[in-house]
>>> print(open('final-v5.cif').read())   # mmCIF, C-alpha atoms (C1' of nucleotides)
data_start
loop_
_atom_site.label_atom_id
_atom_site.label_comp_id
_atom_site.auth_asym_id
_atom_site.auth_seq_id
_atom_site.Cartn_x
_atom_site.Cartn_y
_atom_site.Cartn_z
CA MET T 26 0.00 0.00 0.00
CA ASP T 27 3.06 2.18 0.27
CA HIS T 28 2.64 3.36 -3.30
CA LEU T 29 -0.68 5.05 -2.61
CA ALA T 30 -0.37 8.81 -2.40
CA SER T 31 -3.28 9.07 0.00
CA TRP T 32 -1.46 6.72 2.32
CA LEU T 33 1.64 8.87 2.19
CA LEU T 34 -0.42 11.97 2.67
CA SER T 35 -2.20 10.65 5.70
CA GLN T 36 1.00 9.28 7.23
CA THR T 37 2.84 12.53 6.73
CA ALA T 38 -0.10 14.53 7.98
CA ALA T 39 -0.41 12.29 11.01
CA TYR T 40 3.20 12.96 11.84
CA ALA T 41 2.81 16.69 11.36
CA HIS T 42 -0.38 16.63 13.34
CA ARG T 43 1.33 14.95 16.26
CA LEU T 44 4.22 17.41 16.17
CA VAL T 45 1.92 20.40 16.14
CA GLY T 46 -0.36 18.92 18.76
CA ASP T 47 2.55 18.31 21.10
CA GLY T 48 3.78 21.84 20.54
CA PHE T 49 0.37 23.25 21.37
CA ALA T 50 -0.13 21.03 24.38
CA ALA T 51 3.17 22.26 25.80
CA VAL T 52 1.65 25.74 26.11
CA GLY T 53 -1.86 24.62 27.01
CA ALA T 54 -3.45 25.19 23.63
CA ARG T 55 -4.94 23.06 20.90
CA GLY T 56 -5.52 23.20 17.19
CA TYR T 57 -8.88 24.94 17.36
CA HIS T 58 -7.42 27.79 19.38
CA TYR T 59 -4.69 28.41 16.86
CA ARG T 60 -7.02 28.26 13.90
CA LEU T 61 -9.43 30.72 15.46
CA LEU T 62 -6.83 33.18 16.69
CA ALA T 63 -4.97 33.08 13.39
CA SER T 64 -8.16 33.66 11.45
CA LEU T 65 -9.15 36.59 13.65
CA GLU T 66 -5.70 38.09 13.28
CA ALA T 67 -5.59 37.62 9.54
CA ASP T 68 -9.12 38.54 8.53
CA GLY T 69 -10.48 40.47 11.47
CA ALA T 70 -13.46 40.17 13.79
CA ALA T 71 -16.44 38.11 12.73
CA SER T 72 -19.58 36.39 13.91
CA GLN T 73 -19.30 32.82 15.07
CA ALA T 74 -21.00 31.53 11.95
CA ALA T 75 -18.57 33.44 9.73
CA LEU T 76 -15.63 32.21 11.80
CA GLY T 77 -16.82 28.67 11.37
CA ARG T 78 -16.93 29.07 7.62
CA ARG T 79 -13.47 30.64 7.56
CA THR T 80 -11.78 28.01 9.69
CA GLY T 81 -13.76 24.92 8.79
CA ILE T 82 -14.65 24.41 12.42
CA HIS T 83 -18.13 23.16 13.17
CA LEU T 84 -20.43 25.71 14.79
CA SER T 85 -21.13 23.32 17.62
CA ASP T 86 -17.42 23.01 18.37
CA LEU T 87 -16.87 26.72 18.05
CA VAL T 88 -18.95 27.37 21.13
CA GLY T 89 -16.65 25.43 23.44
CA ALA T 90 -13.44 26.64 21.84
CA LEU T 91 -14.56 30.26 22.10
CA ASN T 92 -15.59 29.72 25.71
CA GLU T 93 -12.03 28.63 26.44
CA LEU T 94 -10.48 31.50 24.52
CA GLU T 95 -12.84 33.98 26.13
CA GLY T 96 -12.11 32.58 29.59
CA ALA T 97 -8.40 33.07 28.97
CA GLY T 98 -8.99 36.64 27.80
CA PHE T 99 -7.83 36.05 24.23
CA VAL T 100 -11.09 37.00 22.55
CA ALA T 101 -14.15 39.07 23.45
CA ARG T 102 -17.72 38.01 22.68
CA SER T 103 -20.13 40.88 22.24
CA PRO T 104 -23.61 40.95 20.80
CA ASP T 105 -23.89 42.47 17.35
CA PRO T 106 -26.12 45.56 17.65
CA ALA T 107 -26.97 45.31 13.97
CA ASP T 108 -28.18 41.71 14.23
CA ARG T 109 -29.13 40.36 17.60
CA ARG T 110 -28.71 36.77 16.47
CA ARG T 111 -25.00 37.31 16.13
CA ASN T 112 -22.06 37.49 18.49
CA VAL T 113 -19.11 39.49 17.28
CA ILE T 114 -15.82 37.84 18.18
CA THR T 115 -12.92 40.24 18.60
CA LEU T 116 -9.26 39.57 19.22
CA THR T 117 -7.91 41.17 22.40
CA GLY T 118 -4.37 42.39 22.88
CA ALA T 119 -3.50 39.27 24.80
CA GLY T 120 -5.14 37.25 22.05
CA ALA T 121 -2.94 38.82 19.41
CA ALA T 122 0.14 37.97 21.47
CA ARG T 123 -1.12 34.43 21.87
CA ALA T 124 -1.70 34.14 18.13
CA LYS T 125 1.87 35.23 17.54
CA GLU T 126 3.18 32.74 20.06
CA LEU T 127 1.27 29.84 18.55
CA GLY T 128 2.21 30.89 15.04
CA GLU T 129 5.88 30.78 15.95
CA ARG T 130 5.43 27.33 17.37
CA VAL T 131 3.79 26.12 14.17
CA ALA T 132 6.63 27.60 12.15
CA GLU T 133 9.18 25.76 14.25
CA VAL T 134 7.41 22.48 13.77
CA GLN T 135 7.21 23.11 10.08
CA ASP T 136 10.92 23.73 9.85
CA GLU T 137 11.50 20.42 11.51
CA LEU T 138 9.01 18.65 9.27
CA LEU T 139 10.36 20.08 6.01
CA GLU T 140 13.99 19.83 7.03
CA PRO T 141 14.95 17.25 4.36
CA LEU T 142 13.58 19.40 1.53
CA SER T 143 15.32 22.22 -0.28
CA GLU T 144 13.71 25.62 -0.58
CA ALA T 145 12.60 24.88 -4.14
CA GLU T 146 11.11 21.58 -3.09
CA ARG T 147 9.20 23.17 -0.26
CA GLU T 148 7.66 25.59 -2.69
CA GLN T 149 6.84 22.72 -5.02
CA LEU T 150 5.10 20.86 -2.24
CA THR T 151 3.22 23.95 -1.13
CA ARG T 152 2.11 24.62 -4.69
CA LEU T 153 0.85 21.10 -5.26
CA LEU T 154 -1.06 21.02 -2.00
CA ARG T 155 -2.58 24.40 -2.71
CA ARG T 156 -3.74 23.19 -6.12
CA LEU T 157 -5.46 20.23 -4.52
CA LEU T 158 -7.07 22.33 -1.85
CA ASP T 159 -8.26 25.09 -4.17
CA HIS T 160 -9.74 22.55 -6.54
CA HIS T 161 -11.74 20.81 -3.85
CA ARG T 162 -12.79 23.97 -2.10
CA GLY T 163 -13.84 25.99 -5.10
CA GLY T 164 -15.14 23.26 -7.39
CA MET Y 6 -1.68 31.42 7.80
CA ASP Y 7 -2.43 30.14 4.33
CA HIS Y 8 1.23 30.26 3.39
CA LEU Y 9 2.24 27.64 5.93
CA ALA Y 10 2.90 24.26 4.38
CA SER Y 11 1.87 22.43 7.51
CA TRP Y 12 -1.47 24.18 7.35
CA LEU Y 13 -1.93 23.11 3.75
CA LEU Y 14 -0.82 19.62 4.59
CA SER Y 15 -3.24 19.24 7.43
CA GLN Y 16 -6.11 20.75 5.46
CA THR Y 17 -5.49 18.50 2.49
CA ALA Y 18 -5.08 15.50 4.73
CA ALA Y 19 -8.27 16.36 6.59
CA TYR Y 20 -10.12 16.42 3.31
CA ALA Y 21 -8.62 13.13 2.19
CA HIS Y 22 -9.29 11.65 5.58
CA ARG Y 23 -12.92 12.59 5.39
CA LEU Y 24 -13.28 11.15 1.90
CA VAL Y 25 -11.68 7.87 2.90
CA GLY Y 26 -13.61 7.71 6.15
CA ASP Y 27 -16.91 8.17 4.36
CA GLY Y 28 -15.96 5.49 1.86
CA PHE Y 29 -15.13 3.08 4.64
CA ALA Y 30 -18.22 3.89 6.67
CA ALA Y 31 -20.36 3.10 3.65
CA VAL Y 32 -19.21 -0.51 3.86
CA GLY Y 33 -19.03 -0.70 7.65
CA ALA Y 34 -15.27 -0.41 8.00
CA ARG Y 35 -12.83 2.12 9.40
CA GLY Y 36 -9.24 3.12 8.93
CA TYR Y 37 -7.75 0.66 11.37
CA HIS Y 38 -9.39 -2.24 9.56
CA TYR Y 39 -7.94 -1.22 6.25
CA ARG Y 40 -4.48 -0.64 7.63
CA LEU Y 41 -4.41 -4.02 9.32
CA LEU Y 42 -5.83 -6.02 6.42
CA ALA Y 43 -3.54 -4.28 3.94
CA SER Y 44 -0.51 -4.93 6.10
CA LEU Y 45 -1.41 -8.59 6.50
CA GLU Y 46 -1.93 -8.95 2.78
CA ALA Y 47 1.29 -7.18 1.88
CA ASP Y 48 3.67 -8.56 4.47
CA GLY Y 49 2.00 -11.70 5.74
CA ALA Y 50 0.92 -12.98 9.13
CA ALA Y 51 2.42 -11.52 12.27
CA SER Y 52 2.04 -11.19 16.00
CA GLN Y 53 -0.03 -8.30 17.33
CA ALA Y 54 3.05 -6.48 18.50
CA ALA Y 55 4.67 -6.80 15.08
CA LEU Y 56 1.46 -5.67 13.41
CA GLY Y 57 1.38 -2.65 15.64
CA ARG Y 58 4.88 -1.71 14.63
CA ARG Y 59 4.10 -2.21 10.95
CA THR Y 60 0.92 -0.17 10.92
CA GLY Y 61 1.67 2.41 13.56
CA ILE Y 62 -1.43 1.39 15.48
CA HIS Y 63 -1.18 1.35 19.25
CA LEU Y 64 -1.18 -2.08 20.84
CA SER Y 65 -4.08 -1.13 23.04
CA ASP Y 66 -6.15 -0.16 19.99
CA LEU Y 67 -5.10 -3.24 18.09
CA VAL Y 68 -6.97 -5.47 20.51
CA GLY Y 69 -10.33 -3.93 19.74
CA ALA Y 70 -9.76 -3.63 16.01
CA LEU Y 71 -8.68 -7.27 15.79
CA ASN Y 72 -11.70 -8.33 17.83
CA GLU Y 73 -13.89 -6.71 15.21
CA LEU Y 74 -12.01 -8.21 12.30
CA GLU Y 75 -12.00 -11.61 13.94
CA GLY Y 76 -15.71 -11.38 14.68
CA ALA Y 77 -16.35 -10.64 11.02
CA GLY Y 78 -14.19 -13.61 9.96
CA PHE Y 79 -11.53 -11.52 8.21
CA VAL Y 80 -8.61 -12.61 10.38
CA ALA Y 81 -7.80 -15.57 12.61
CA ARG Y 82 -6.12 -15.28 16.01
CA SER Y 83 -4.12 -18.33 17.03
CA PRO Y 84 -1.56 -18.77 19.78
CA ASP Y 85 2.03 -18.98 18.61
CA PRO Y 86 3.34 -22.44 19.59
CA ALA Y 87 6.88 -21.10 19.50
CA ASP Y 88 6.17 -18.27 21.93
CA ARG Y 89 3.15 -18.49 24.13
CA ARG Y 90 3.09 -14.77 24.73
CA ARG Y 91 2.21 -14.18 21.12
CA ASN Y 92 -0.93 -14.44 19.02
CA VAL Y 93 -0.38 -15.06 15.34
CA ILE Y 94 -2.78 -13.04 13.20
CA THR Y 95 -3.59 -14.61 9.85
CA LEU Y 96 -5.63 -13.27 6.96
CA THR Y 97 -8.57 -15.50 6.00
CA GLY Y 98 -9.97 -15.87 2.48
CA ALA Y 99 -12.78 -13.51 3.34
CA GLY Y 100 -10.22 -11.13 4.80
CA ALA Y 101 -8.22 -11.07 1.59
CA ALA Y 102 -11.39 -10.23 -0.32
CA ARG Y 103 -12.19 -7.52 2.16
CA ALA Y 104 -8.69 -6.08 1.82
CA LYS Y 105 -9.16 -5.95 -1.93
CA GLU Y 106 -12.52 -4.27 -1.57
CA LEU Y 107 -11.21 -1.60 0.78
CA GLY Y 108 -8.12 -1.08 -1.35
CA GLU Y 109 -10.27 -0.36 -4.37
CA ARG Y 110 -12.26 2.15 -2.39
CA VAL Y 111 -9.09 3.92 -1.30
CA ALA Y 112 -7.90 4.02 -4.90
CA GLU Y 113 -11.17 5.59 -6.01
CA VAL Y 114 -10.92 8.26 -3.37
CA GLN Y 115 -7.36 8.95 -4.36
CA ASP Y 116 -8.32 9.43 -7.98
CA GLU Y 117 -10.86 11.96 -6.90
CA LEU Y 118 -8.41 13.71 -4.60
CA LEU Y 119 -5.61 13.94 -7.16
CA GLU Y 120 -7.88 14.73 -10.06
CA PRO Y 121 -6.49 18.26 -10.66
CA LEU Y 122 -2.91 17.00 -10.93
CA SER Y 123 -1.19 15.56 -13.98
CA GLU Y 124 0.52 12.19 -13.83
CA ALA Y 125 3.93 13.85 -13.48
CA GLU Y 126 2.68 16.07 -10.67
CA ARG Y 127 1.23 13.12 -8.82
CA GLU Y 128 4.60 11.45 -8.94
CA GLN Y 129 6.24 14.63 -7.76
CA LEU Y 130 3.90 14.86 -4.81
CA THR Y 131 4.39 11.20 -3.97
CA ARG Y 132 8.14 11.59 -4.12
CA LEU Y 133 8.20 14.64 -1.86
CA LEU Y 134 5.94 13.04 0.71
CA ARG Y 135 7.99 9.87 0.68
CA ARG Y 136 11.14 11.88 1.28
CA LEU Y 137 9.57 13.51 4.31
CA LEU Y 138 8.29 10.25 5.67
CA ASP Y 139 11.50 8.32 5.16
CA HIS Y 140 13.49 11.07 6.79
CA HIS Y 141 11.35 11.14 9.90
CA ARG Y 142 10.98 7.39 10.15
CA GLY Y 143 14.58 6.45 9.63
CA GLY Y 144 16.25 9.33 11.41
"C1'" DG V 22 -48.68 37.97 10.41
"C1'" DA V 23 -46.89 33.46 9.00
"C1'" DC V 24 -43.06 31.14 6.97
"C1'" DT V 25 -38.42 30.39 6.16
"C1'" DA V 26 -33.76 30.82 7.08
"C1'" DA V 27 -29.73 32.01 9.87
"C1'" DC V 28 -27.58 32.07 14.43
"C1'" DG V 29 -25.87 30.30 18.77
"C1'" DT V 30 -26.16 26.52 21.97
"C1'" DT V 31 -26.37 21.87 24.04
"C1'" DA V 32 -25.98 16.95 23.92
"C1'" DG V 33 -24.30 12.93 22.02
"C1'" DA V 34 -21.69 9.88 18.87
"C1'" DC V 35 -17.59 8.16 16.50
"C1'" DT V 36 -12.58 7.71 14.95
"C1'" DC V 37 -7.96 8.00 16.01
"C1'" DA V 38 -4.26 8.32 19.29
"C1'" DC V 39 -2.19 8.01 23.74
"C1'" DT V 40 -1.15 6.66 28.95
"C1'" DA V 41 -1.35 3.63 32.80
"C1'" DA V 42 -1.77 -0.54 34.89
"C1'" DC V 43 -1.92 -5.66 35.14
"C1'" DG V 44 -1.00 -10.78 34.43
"C1'" DT V 45 1.55 -13.92 31.57
"C1'" DT V 46 5.58 -15.66 29.29
"C1'" DA V 47 10.70 -15.68 27.58
"C1'" DG V 48 15.30 -15.19 28.19
"C1'" DG V 49 19.53 -13.80 30.40
"C1'" DA V 50 22.57 -13.01 34.82
"C1'" DG V 51 23.97 -14.56 38.89
"C1'" DC W 15 17.65 -22.96 39.44
"C1'" DT W 16 16.32 -18.29 40.80
"C1'" DC W 17 15.90 -13.45 40.08
"C1'" DC W 18 15.36 -9.84 37.03
"C1'" DT W 19 14.17 -7.72 32.95
"C1'" DA W 20 11.75 -7.30 28.88
"C1'" DA W 21 8.13 -8.39 25.59
"C1'" DC W 22 3.30 -9.57 24.86
"C1'" DG W 23 -1.68 -9.10 25.07
"C1'" DT W 24 -5.46 -6.93 27.51
"C1'" DT W 25 -8.43 -3.52 29.88
"C1'" DA W 26 -9.71 1.07 31.24
"C1'" DG W 27 -9.65 5.75 30.71
"C1'" DT W 28 -8.42 10.38 28.47
"C1'" DG W 29 -8.33 13.80 24.91
"C1'" DA W 30 -8.60 16.00 20.24
"C1'" DG W 31 -11.09 16.50 16.15
"C1'" DT W 32 -15.24 15.93 13.43
"C1'" DC W 33 -20.05 15.30 12.74
"C1'" DT W 34 -25.53 14.96 13.57
"C1'" DA W 35 -29.64 16.23 15.80
"C1'" DA W 36 -32.41 19.08 18.26
"C1'" DC W 37 -33.94 23.55 20.33
"C1'" DG W 38 -34.98 28.63 21.15
"C1'" DT W 39 -34.15 33.17 19.30
"C1'" DT W 40 -33.95 36.62 15.75
"C1'" DA W 41 -34.19 38.53 10.62
"C1'" DG W 42 -36.12 38.96 6.49
"C1'" DT W 43 -39.80 37.76 3.13
"C1'" DC W 44 -44.33 36.76 0.98
#
>>> encode(input="final-v5.cif", output="structure tokens")
Amino acid sequence: MDHLASWLLSQTAAYAHRLVGDGFAAVGARGYHYRLLASLEADGAASQAALGRRTGIHLSDLVGALNELEGAGFVARSPDPADRRRNVITLTGAGAARAKELGERVAEVQDELLEPLSEAEREQLTRLLRRLLDHHRGG
Amino acid sequence: MDHLASWLLSQTAAYAHRLVGDGFAAVGARGYHYRLLASLEADGAASQAALGRRTGIHLSDLVGALNELEGAGFVARSPDPADRRRNVITLTGAGAARAKELGERVAEVQDELLEPLSEAEREQLTRLLRRLLDHHRGG
DNA sequence: GACTAACGTTAGACTCACTAACGTTAGGAG
DNA sequence: CTCCTAACGTTAGTGAGTCTAACGTTAGTC
């Protein structure tokens, strides 16, 4: 089965996933926290529903993750005056610092993961993966 | 965060994982079953400990997965006369058929996943992933 | 004003992965 | 032979990530 690309992909991803997960656990975070903070930092405040669409996190899981982030003071939940169904999620100062911290950790892990590849090969890999992702997201 | 390769990797893998998982669920299987049957078919019978090393599945999880496979008649568990600590896990005829069935399903999913890539690009991707995996397994 | 859709929330299920502990068996050191 | 260590299989429990189903509230539409 070693010739199957999906096997390789899942094995490699499993390894990366473990590395990242360990890195997050060491600072008391998890994947959802990083995804949410990074999305807020990159694309700004949003309602929970919009955040879910941006990050691919289920709305039902967002509730708990945001509770944790809110409890730690990394995000603020405030009702949207323009639409009372919505909560607006905002990144706090501490949240921005946390996002930076977690981002650096991810970058470290990535350096370790991609260590055997040259710069050109890393770009090649990134390009191929992006093609796959764009195709299955847009089409 | 979209520029991080590990992000792309995990997103792509998550998509592939979902596709494969759905395919397996449709026939009442799951990832562990496929991994075990495929390993038995490719490299022959083995003790549970050896199977765990070959597939990367935890010994504690192997027990349950093998119970299911044994209950379905896909593998046989017999004590090793040469070492009474060991169980020898053997693939049955039905198990070989099941392995083939699941393998075909994985191949279908892979075709769908890699659809936007040319043959040369698929090989490129496979080669890069294999490099990563070999590096982190061997070193 | 009734219907439909979106939003946030809660509860529950499942897969995959890991840790801890335990009894049994093999094999080597003394 | 005995003691010690290591490997093996098993059970129980934890946690992350993903998903479904249901419910009450609010917006917007016919």
>>> interface_residues(input="final-v5.cif", of="chain T", to="chain Y", cutoff="7 Å", atoms="only C-alpha atoms", output="list in words")
Met26, Ala30, Ser31, Leu33, Leu34, Ser35, Thr37, Ala38, Ala41, Ala63, Gln135, Leu139, Pro141, Leu150, Thr151, Leu153, Leu154, Arg155, Leu157, Leu158 and His160 of chain T
>>> residues_near_point(input="final-v5.cif", point="(-17.6, 36.2, 15.8)", cutoff="7 Å", atoms="all atoms listed in the file", output="list in words")
Ala70, Ala71, Ser72, Gln73, Ala74, Ala75, Leu76, Asn112, Val113, Ile114 and Thr115 of chain T
>>> residues_around(input="final-v5.cif", residues="segment 77-84 of chain Y", least_positions_apart="3", cutoff="8 Å", atoms="only C-alpha atoms (C1' of nucleotides)", output="count of residues only")
17
>>> resolve_selection(input="final-v5.cif", expression="the PyMOL selection byres ((chain V) within 8 of (chain T))", output="list in words")
DC28, DG29 and DT30 of chain V
>>> closest_residue(input="final-v5.cif", among="T:Ala124, T:Leu44, T:Ile82, T:Val52", to="chain W", atoms="all atoms listed in the file")
T:Ile82
>>> resolve_selection(input="final-v5.cif", expression="the PyMOL selection byres ((chain V and resi 25) around 9)", output="ChimeraX atom specification")
/V:24,26 /W:42-43
>>> closest_atom_pairs(input="final-v5.cif", of="chain W", to="chain T", cutoff="10 Å", atoms="only C-alpha atoms (C1' of nucleotides)", output="tab-separated table")
residue	atom	partner	partner_atom	distance
W:DA30	C1'	T:Arg55	CA	8.0
W:DG31	C1'	T:Gly56	CA	8.8
W:DT32	C1'	T:His83	CA	7.8
W:DC33	C1'	T:His83	CA	8.1
W:DT39	C1'	T:Arg110	CA	7.1
W:DT40	C1'	T:Arg110	CA	5.3
W:DA41	C1'	T:Asp108	CA	7.7
>>> resolve_selection(input="final-v5.cif", expression="the PyMOL selection byres ((chain V and resi 44) around 10)", output="count of residues only")
5
>>> calpha_fit_and_write(input="final-v5.cif", fixed="chain Y", moving="chain T", output="short mmCIF file (atom, residue, chain, number, x, y, z; two decimals) with C-alpha atoms, in the frame of the given file")
data_model
loop_
_atom_site.label_atom_id
_atom_site.label_comp_id
_atom_site.auth_asym_id
_atom_site.auth_seq_id
_atom_site.Cartn_x
_atom_site.Cartn_y
_atom_site.Cartn_z
CA MET T 26 -1.61 31.48 7.78
CA ASP T 27 -2.39 30.21 4.32
CA HIS T 28 1.27 30.30 3.37
CA LEU T 29 2.26 27.69 5.93
CA ALA T 30 2.91 24.31 4.37
CA SER T 31 1.85 22.48 7.51
CA TRP T 32 -1.48 24.24 7.30
CA LEU T 33 -1.92 23.14 3.71
CA LEU T 34 -0.84 19.66 4.59
CA SER T 35 -3.26 19.32 7.43
CA GLN T 36 -6.12 20.83 5.43
CA THR T 37 -5.51 18.55 2.49
CA ALA T 38 -5.08 15.56 4.75
CA ALA T 39 -8.26 16.43 6.60
CA TYR T 40 -10.12 16.45 3.32
CA ALA T 41 -8.61 13.16 2.23
CA HIS T 42 -9.27 11.70 5.62
CA ARG T 43 -12.93 12.62 5.43
CA LEU T 44 -13.26 11.17 1.93
CA VAL T 45 -11.66 7.91 2.93
CA GLY T 46 -13.58 7.73 6.18
CA ASP T 47 -16.87 8.19 4.38
CA GLY T 48 -15.91 5.53 1.87
CA PHE T 49 -15.09 3.10 4.65
CA ALA T 50 -18.18 3.90 6.66
CA ALA T 51 -20.32 3.14 3.62
CA VAL T 52 -19.18 -0.49 3.83
CA GLY T 53 -19.03 -0.70 7.61
CA ALA T 54 -15.28 -0.42 7.97
CA ARG T 55 -12.83 2.08 9.37
CA GLY T 56 -9.25 3.12 8.89
CA TYR T 57 -7.77 0.63 11.34
CA HIS T 58 -9.38 -2.27 9.53
CA TYR T 59 -7.93 -1.24 6.21
CA ARG T 60 -4.48 -0.66 7.60
CA LEU T 61 -4.40 -4.04 9.29
CA LEU T 62 -5.81 -6.02 6.40
CA ALA T 63 -3.53 -4.29 3.92
CA SER T 64 -0.50 -4.94 6.08
CA LEU T 65 -1.39 -8.61 6.49
CA GLU T 66 -1.90 -8.95 2.76
CA ALA T 67 1.30 -7.17 1.88
CA ASP T 68 3.70 -8.54 4.47
CA GLY T 69 2.03 -11.67 5.75
CA ALA T 70 0.92 -12.98 9.13
CA ALA T 71 2.42 -11.51 12.27
CA SER T 72 2.04 -11.18 16.01
CA GLN T 73 -0.01 -8.31 17.32
CA ALA T 74 3.08 -6.47 18.51
CA ALA T 75 4.69 -6.79 15.08
CA LEU T 76 1.48 -5.66 13.40
CA GLY T 77 1.39 -2.63 15.62
CA ARG T 78 4.91 -1.69 14.62
CA ARG T 79 4.13 -2.20 10.94
CA THR T 80 0.94 -0.16 10.90
CA GLY T 81 1.68 2.44 13.54
CA ILE T 82 -1.40 1.39 15.45
CA HIS T 83 -1.15 1.36 19.22
CA LEU T 84 -1.15 -2.10 20.79
CA SER T 85 -4.05 -1.12 23.00
CA ASP T 86 -6.12 -0.16 19.96
CA LEU T 87 -5.09 -3.25 18.07
CA VAL T 88 -6.96 -5.45 20.49
CA GLY T 89 -10.35 -3.94 19.71
CA ALA T 90 -9.74 -3.64 15.98
CA LEU T 91 -8.67 -7.28 15.77
CA ASN T 92 -11.68 -8.33 17.81
CA GLU T 93 -13.88 -6.70 15.18
CA LEU T 94 -11.98 -8.21 12.28
CA GLU T 95 -11.96 -11.61 13.93
CA GLY T 96 -15.69 -11.39 14.66
CA ALA T 97 -16.33 -10.66 10.99
CA GLY T 98 -14.16 -13.61 9.95
CA PHE T 99 -11.51 -11.53 8.20
CA VAL T 100 -8.60 -12.62 10.37
CA ALA T 101 -7.80 -15.58 12.61
CA ARG T 102 -6.10 -15.26 16.00
CA SER T 103 -4.13 -18.31 17.04
CA PRO T 104 -1.57 -18.75 19.77
CA ASP T 105 2.01 -18.97 18.60
CA PRO T 106 3.32 -22.42 19.59
CA ALA T 107 6.87 -21.11 19.50
CA ASP T 108 6.15 -18.27 21.93
CA ARG T 109 3.12 -18.49 24.13
CA ARG T 110 3.08 -14.76 24.74
CA ARG T 111 2.20 -14.18 21.12
CA ASN T 112 -0.92 -14.42 19.02
CA VAL T 113 -0.38 -15.04 15.35
CA ILE T 114 -2.77 -13.03 13.21
CA THR T 115 -3.58 -14.60 9.85
CA LEU T 116 -5.61 -13.29 6.96
CA THR T 117 -8.54 -15.51 5.99
CA GLY T 118 -9.93 -15.87 2.50
CA ALA T 119 -12.75 -13.52 3.31
CA GLY T 120 -10.21 -11.15 4.80
CA ALA T 121 -8.22 -11.07 1.59
CA ALA T 122 -11.38 -10.24 -0.35
CA ARG T 123 -12.19 -7.52 2.14
CA ALA T 124 -8.69 -6.09 1.81
CA LYS T 125 -9.15 -5.95 -1.94
CA GLU T 126 -12.51 -4.26 -1.58
CA LEU T 127 -11.21 -1.61 0.78
CA GLY T 128 -8.12 -1.07 -1.34
CA GLU T 129 -10.27 -0.36 -4.37
CA ARG T 130 -12.26 2.13 -2.37
CA VAL T 131 -9.10 3.93 -1.29
CA ALA T 132 -7.92 4.04 -4.88
CA GLU T 133 -11.18 5.60 -5.98
CA VAL T 134 -10.95 8.27 -3.35
CA GLN T 135 -7.40 8.96 -4.34
CA ASP T 136 -8.36 9.43 -7.95
CA GLU T 137 -10.89 11.97 -6.87
CA LEU T 138 -8.44 13.72 -4.58
CA LEU T 139 -5.63 13.93 -7.13
CA GLU T 140 -7.90 14.72 -10.05
CA PRO T 141 -6.49 18.23 -10.68
CA LEU T 142 -2.91 16.95 -10.93
CA SER T 143 -1.19 15.49 -13.96
CA GLU T 144 0.51 12.13 -13.80
CA ALA T 145 3.92 13.77 -13.45
CA GLU T 146 2.67 15.99 -10.67
CA ARG T 147 1.21 13.07 -8.79
CA GLU T 148 4.55 11.36 -8.89
CA GLN T 149 6.22 14.56 -7.73
CA LEU T 150 3.87 14.80 -4.79
CA THR T 151 4.32 11.15 -3.91
CA ARG T 152 8.08 11.52 -4.07
CA LEU T 153 8.16 14.57 -1.83
CA LEU T 154 5.88 13.00 0.75
CA ARG T 155 7.92 9.82 0.74
CA ARG T 156 11.09 11.82 1.34
CA LEU T 157 9.51 13.48 4.34
CA LEU T 158 8.22 10.24 5.73
CA ASP T 159 11.42 8.27 5.22
CA HIS T 160 13.44 11.02 6.85
CA HIS T 161 11.29 11.12 9.96
CA ARG T 162 10.89 7.39 10.22
CA GLY T 163 14.47 6.37 9.68
CA GLY T 164 16.31 9.30 11.24
#
>>> atom_distance(input="final-v5.cif", atom1="atom CA of Gly96 of chain T", atom2="atom CA of Leu61 of chain T")
14.5 Å
>>> atom_distance(input="final-v5.cif", atom1="atom CA of Thr80 of chain T", atom2="atom CA of Leu65 of chain T")
9.8 Å
>>> residues_around(input="final-v5.cif", residues="DA35 of chain W", least_positions_apart="3", cutoff="12 Å", atoms="only C-alpha atoms (C1' of nucleotides)", output="PyMOL selection string")
(chain T and resi 85) or (chain V and resi 31-34)
>>> atom_distance(input="final-v5.cif", atom1="atom CA of Asp68 of chain T", atom2="atom CA of Asn92 of chain T")
20.4 Å
>>> residues_around(input="final-v5.cif", residues="DC18 of chain W", least_positions_apart="3", cutoff="12 Å", atoms="all atoms listed in the file", output="list in words")
DG48, DG49, DA50 and DG51 of chain V
